Amino acid sequence: MLKDATAIVGIGQTAFAKQLPESERTLACRAILAALDDAGIAPSEVDAFASYTMEETDEVEVAKAIGAGDVTFFSKVGYGGGGSCATVAHLAAAVATGQATVGVAWRSRKRGSGPRPWKNTAVQLPTPGQWTRPFGLLRPADEIGMLARRYMHEYGATRDHLFNVALACRNRANQNPDAIMYERPLTREMYMTSRWISEPLCLFDNCLETDGALACVIVSAERARDCRRRPVYVHSAAQGLPAQHHGMVNYWNDDPLSGPAWTAARHLWKTADFGPQDVDVAQIYDAFTPLVPLSLEGYGFCGRGEGAAFTEGGALELGGRLPLNTGGGGLSEAYVHGFNLINEGVKQLRGTSTAQVPSAATCLVTAGEGVPTSALLLRS
């Protein structure tokens, strides 16, 4: 069992911006060194790494650049934003089973100043893509737009519900000096009159395009007690790949609206000492606003088809039923494939968030819904 056997003891990040001059490797090393300094651990003690398959800065170069010692565990997790929480889960498993002692997970990305991934036509036609790309489903926004339209049709969700998600994230970013959307308020009129990206998704339903990097450090619970910062324990972790899954749109599932979150959630809660009703704050992956109501349902905060209504009445705001994405999330803080949600969860349980939930002791962090995903339950 991994329950509370390991803890996140250090977090680090670079600045976030539309364009940063440094290379992805430089950004990665800066975030990792900041996380190690936060933990009070020397780079030479690092013996494990985990990142994403889409990470272009590999562990060999990172290990040399930061001055790591012998490395005994390394892994990469697939599916872009679906891999964020799994990087921590893999390191937690490695540390808990004695494969490593100090693990570093990271994500470095120049998405703001770099090319859009779907412009590389040479890699755009895997077998499933042959049946979708030629007919216009070129971008993730197009695929999620299609899923969102079905959700609206089946359950009566409206653009006002999607606005509730965008507004909650923007309000929290307005409190966070590190957020790209700091001090840039969002109004309903701005949202409703913004340009379409892929109908029914408008500009503010889509995440930011960001340069930046983040990292965190994982050690055993025993060692965590001697680190510089208050430990945040990895209480439960899970990955989810449902049967007959097809990325983003779930064409082949019996129910396209029961995505990977449902699969991950069943395992996540099975090994936990508390349930959805006991979560004080959530960091839910928000590359697109419709992913939030779908995730609220998948992780058990409400019933099937009730995720849109859950957002009403300020439920996602501070003081609401489930304060959400308190750093601003991918919609308004930065989009670095969801890693900022992990670090924000740690800040909440340390009591150092810029939008602190009083006495927060439990936090759910999720990776991307719509693709093979992962999730963490953190506790103080």
# chains A, B, ... in the order shown; residues from 1 in each chain; ligands from 1
$ residues_around --residues "Asn253 in chain A" --least-positions-apart "5" --cutoff "8 Å" --atoms "only C-alpha atoms" --output "NGL selection string"
:A and (243-246)
$ write_last_selection --atoms "all heavy atoms" --output "PDB file, in the first residue's frame"
ATOM      1  N   ALA A 243     -12.036   0.815 -20.742  1.00  0.00           N
ATOM      2  CA  ALA A 243     -12.135  -0.134 -21.846  1.00  0.00           C
ATOM      3  C   ALA A 243     -12.588   0.568 -23.123  1.00  0.00           C
ATOM      4  O   ALA A 243     -13.458   1.441 -23.092  1.00  0.00           O
ATOM      5  CB  ALA A 243     -13.122  -1.242 -21.489  1.00  0.00           C
ATOM      6  N   GLN A 244     -11.978   0.195 -24.226  1.00  0.00           N
ATOM      7  CA  GLN A 244     -12.343   0.718 -25.544  1.00  0.00           C
ATOM      8  C   GLN A 244     -12.216   2.242 -25.628  1.00  0.00           C
ATOM      9  O   GLN A 244     -12.960   2.906 -26.349  1.00  0.00           O
ATOM     10  CB  GLN A 244     -13.762   0.283 -25.927  1.00  0.00           C
ATOM     11  CG  GLN A 244     -13.939  -1.208 -26.088  1.00  0.00           C
ATOM     12  CD  GLN A 244     -13.071  -1.782 -27.199  1.00  0.00           C
ATOM     13  OE1 GLN A 244     -13.078  -1.292 -28.320  1.00  0.00           O
ATOM     14  NE2 GLN A 244     -12.299  -2.815 -26.884  1.00  0.00           N
ATOM     15  N   HIS A 245     -11.262   2.777 -24.889  1.00  0.00           N
ATOM     16  CA  HIS A 245     -11.091   4.228 -24.860  1.00  0.00           C
ATOM     17  C   HIS A 245     -10.535   4.739 -26.185  1.00  0.00           C
ATOM     18  O   HIS A 245      -9.720   4.089 -26.837  1.00  0.00           O
ATOM     19  CB  HIS A 245     -10.141   4.619 -23.735  1.00  0.00           C
ATOM     20  CG  HIS A 245      -9.826   6.082 -23.682  1.00  0.00           C
ATOM     21  ND1 HIS A 245     -10.776   7.023 -23.382  1.00  0.00           N
ATOM     22  CD2 HIS A 245      -8.679   6.759 -23.912  1.00  0.00           C
ATOM     23  CE1 HIS A 245     -10.223   8.221 -23.423  1.00  0.00           C
ATOM     24  NE2 HIS A 245      -8.950   8.088 -23.742  1.00  0.00           N
ATOM     25  N   HIS A 246     -10.987   5.930 -26.567  1.00  0.00           N
ATOM     26  CA  HIS A 246     -10.460   6.647 -27.730  1.00  0.00           C
ATOM     27  C   HIS A 246     -10.242   8.082 -27.275  1.00  0.00           C
ATOM     28  O   HIS A 246     -11.180   8.758 -26.895  1.00  0.00           O
ATOM     29  CB  HIS A 246     -11.453   6.589 -28.896  1.00  0.00           C
ATOM     30  CG  HIS A 246     -10.992   7.322 -30.119  1.00  0.00           C
ATOM     31  ND1 HIS A 246     -10.440   6.669 -31.196  1.00  0.00           N
ATOM     32  CD2 HIS A 246     -10.989   8.632 -30.432  1.00  0.00           C
ATOM     33  CE1 HIS A 246     -10.134   7.557 -32.128  1.00  0.00           C
ATOM     34  NE2 HIS A 246     -10.447   8.751 -31.686  1.00  0.00           N
TER      35      HIS A 246
END
$ select_by_dssp --residues "range 166-342 of chain A" --states "strand (DSSP E or B)" --output "number ranges by chain"
A: 196-198, 201-202, 206, 211-220, 232-240, 281-283, 288, 324
$ closest_atom_pairs --of "range 189-212 of chain A" --to "range 180-184 of chain A" --cutoff "12 Å" --atoms "only C-alpha atoms" --output "tab-separated table"
residue	atom	partner	partner_atom	distance
A:Met190	CA	A:Arg184	CA	11.6
A:Phe204	CA	A:Met181	CA	11.6
A:Cys207	CA	A:Ile180	CA	11.3
A:Leu208	CA	A:Ile180	CA	8.5
A:Glu209	CA	A:Ile180	CA	9.9
A:Thr210	CA	A:Ile180	CA	8.6
A:Asp211	CA	A:Ile180	CA	10.5
A:Gly212	CA	A:Ile180	CA	11.0
$ write_last_selection --atoms "C-alpha atoms" --output "tab-separated table (two decimals), in the first residue's frame"
chain	number	residue	atom	x	y	z
A	190	MET	CA	-16.45	39.40	-21.94
A	204	PHE	CA	-12.19	31.70	-22.33
A	207	CYS	CA	-6.39	27.07	-21.45
A	208	LEU	CA	-3.52	29.49	-21.78
A	209	GLU	CA	-0.47	28.98	-23.98
A	210	THR	CA	2.46	29.17	-21.61
A	211	ASP	CA	6.22	28.93	-21.32
A	212	GLY	CA	7.40	27.69	-17.92
$ select_by_dssp --residues "range 131-290 of chain A" --states "alpha helix (DSSP H)" --output "ChimeraX atom specification"
/A:140-155,159-173,188-193,221-224,260-270
$ residues_around --residues "Glu45 in chain A" --least-positions-apart "4" --cutoff "7 Å" --atoms "only C-alpha atoms" --output "PyMOL selection string"
chain A and resi 68-69+102
$ closest_residue --among "A:Val62, A:Ala39, A:Val71, A:Ala50" --to "Leu91 in chain A" --atoms "only C-alpha atoms"
A:Ala50
$ residues_around --residues "range 355-361 of chain A" --least-positions-apart "3" --cutoff "12 Å" --atoms "only C-alpha atoms" --output "PyMOL selection string"
chain A and resi 168-177+231-233+235+274+278-282+316-328+344-352+364+377-380
$ residues_around --residues "Gly240 in chain A" --least-positions-apart "4" --cutoff "8 Å" --atoms "only C-alpha atoms" --output "count of residues only"
9
$ residues_around --residues "Pro290 in chain A" --least-positions-apart "2" --cutoff "9 Å" --atoms "only C-alpha atoms" --output "list in words"
Ile144, Gly145, Leu147, Ala148, Tyr151, His161, Leu162, Val165, Leu201, Asp205, Asp286, Ala287, Phe288, Val292, Pro293, Leu294, Ser295 and Ala308 of chain A
$ closest_residue --among "A:Ala215, A:Val249, A:Leu296, A:Leu33" --to "Cys85 in chain A" --atoms "only C-alpha atoms"
A:Ala215
$ atom_distance --atom1 "CA of Gly112 in chain A" --atom2 "CA of Trp196 in chain A"
19.6 Å
$ atom_distance --atom1 "CA of Arg304 in chain A" --atom2 "CA of Leu291 in chain A"
13.9 Å
$ closest_residue --among "A:Leu27, A:Ile218, A:Met146, A:Ala7" --to "Thr101 in chain A" --atoms "only C-alpha atoms"
A:Ile218
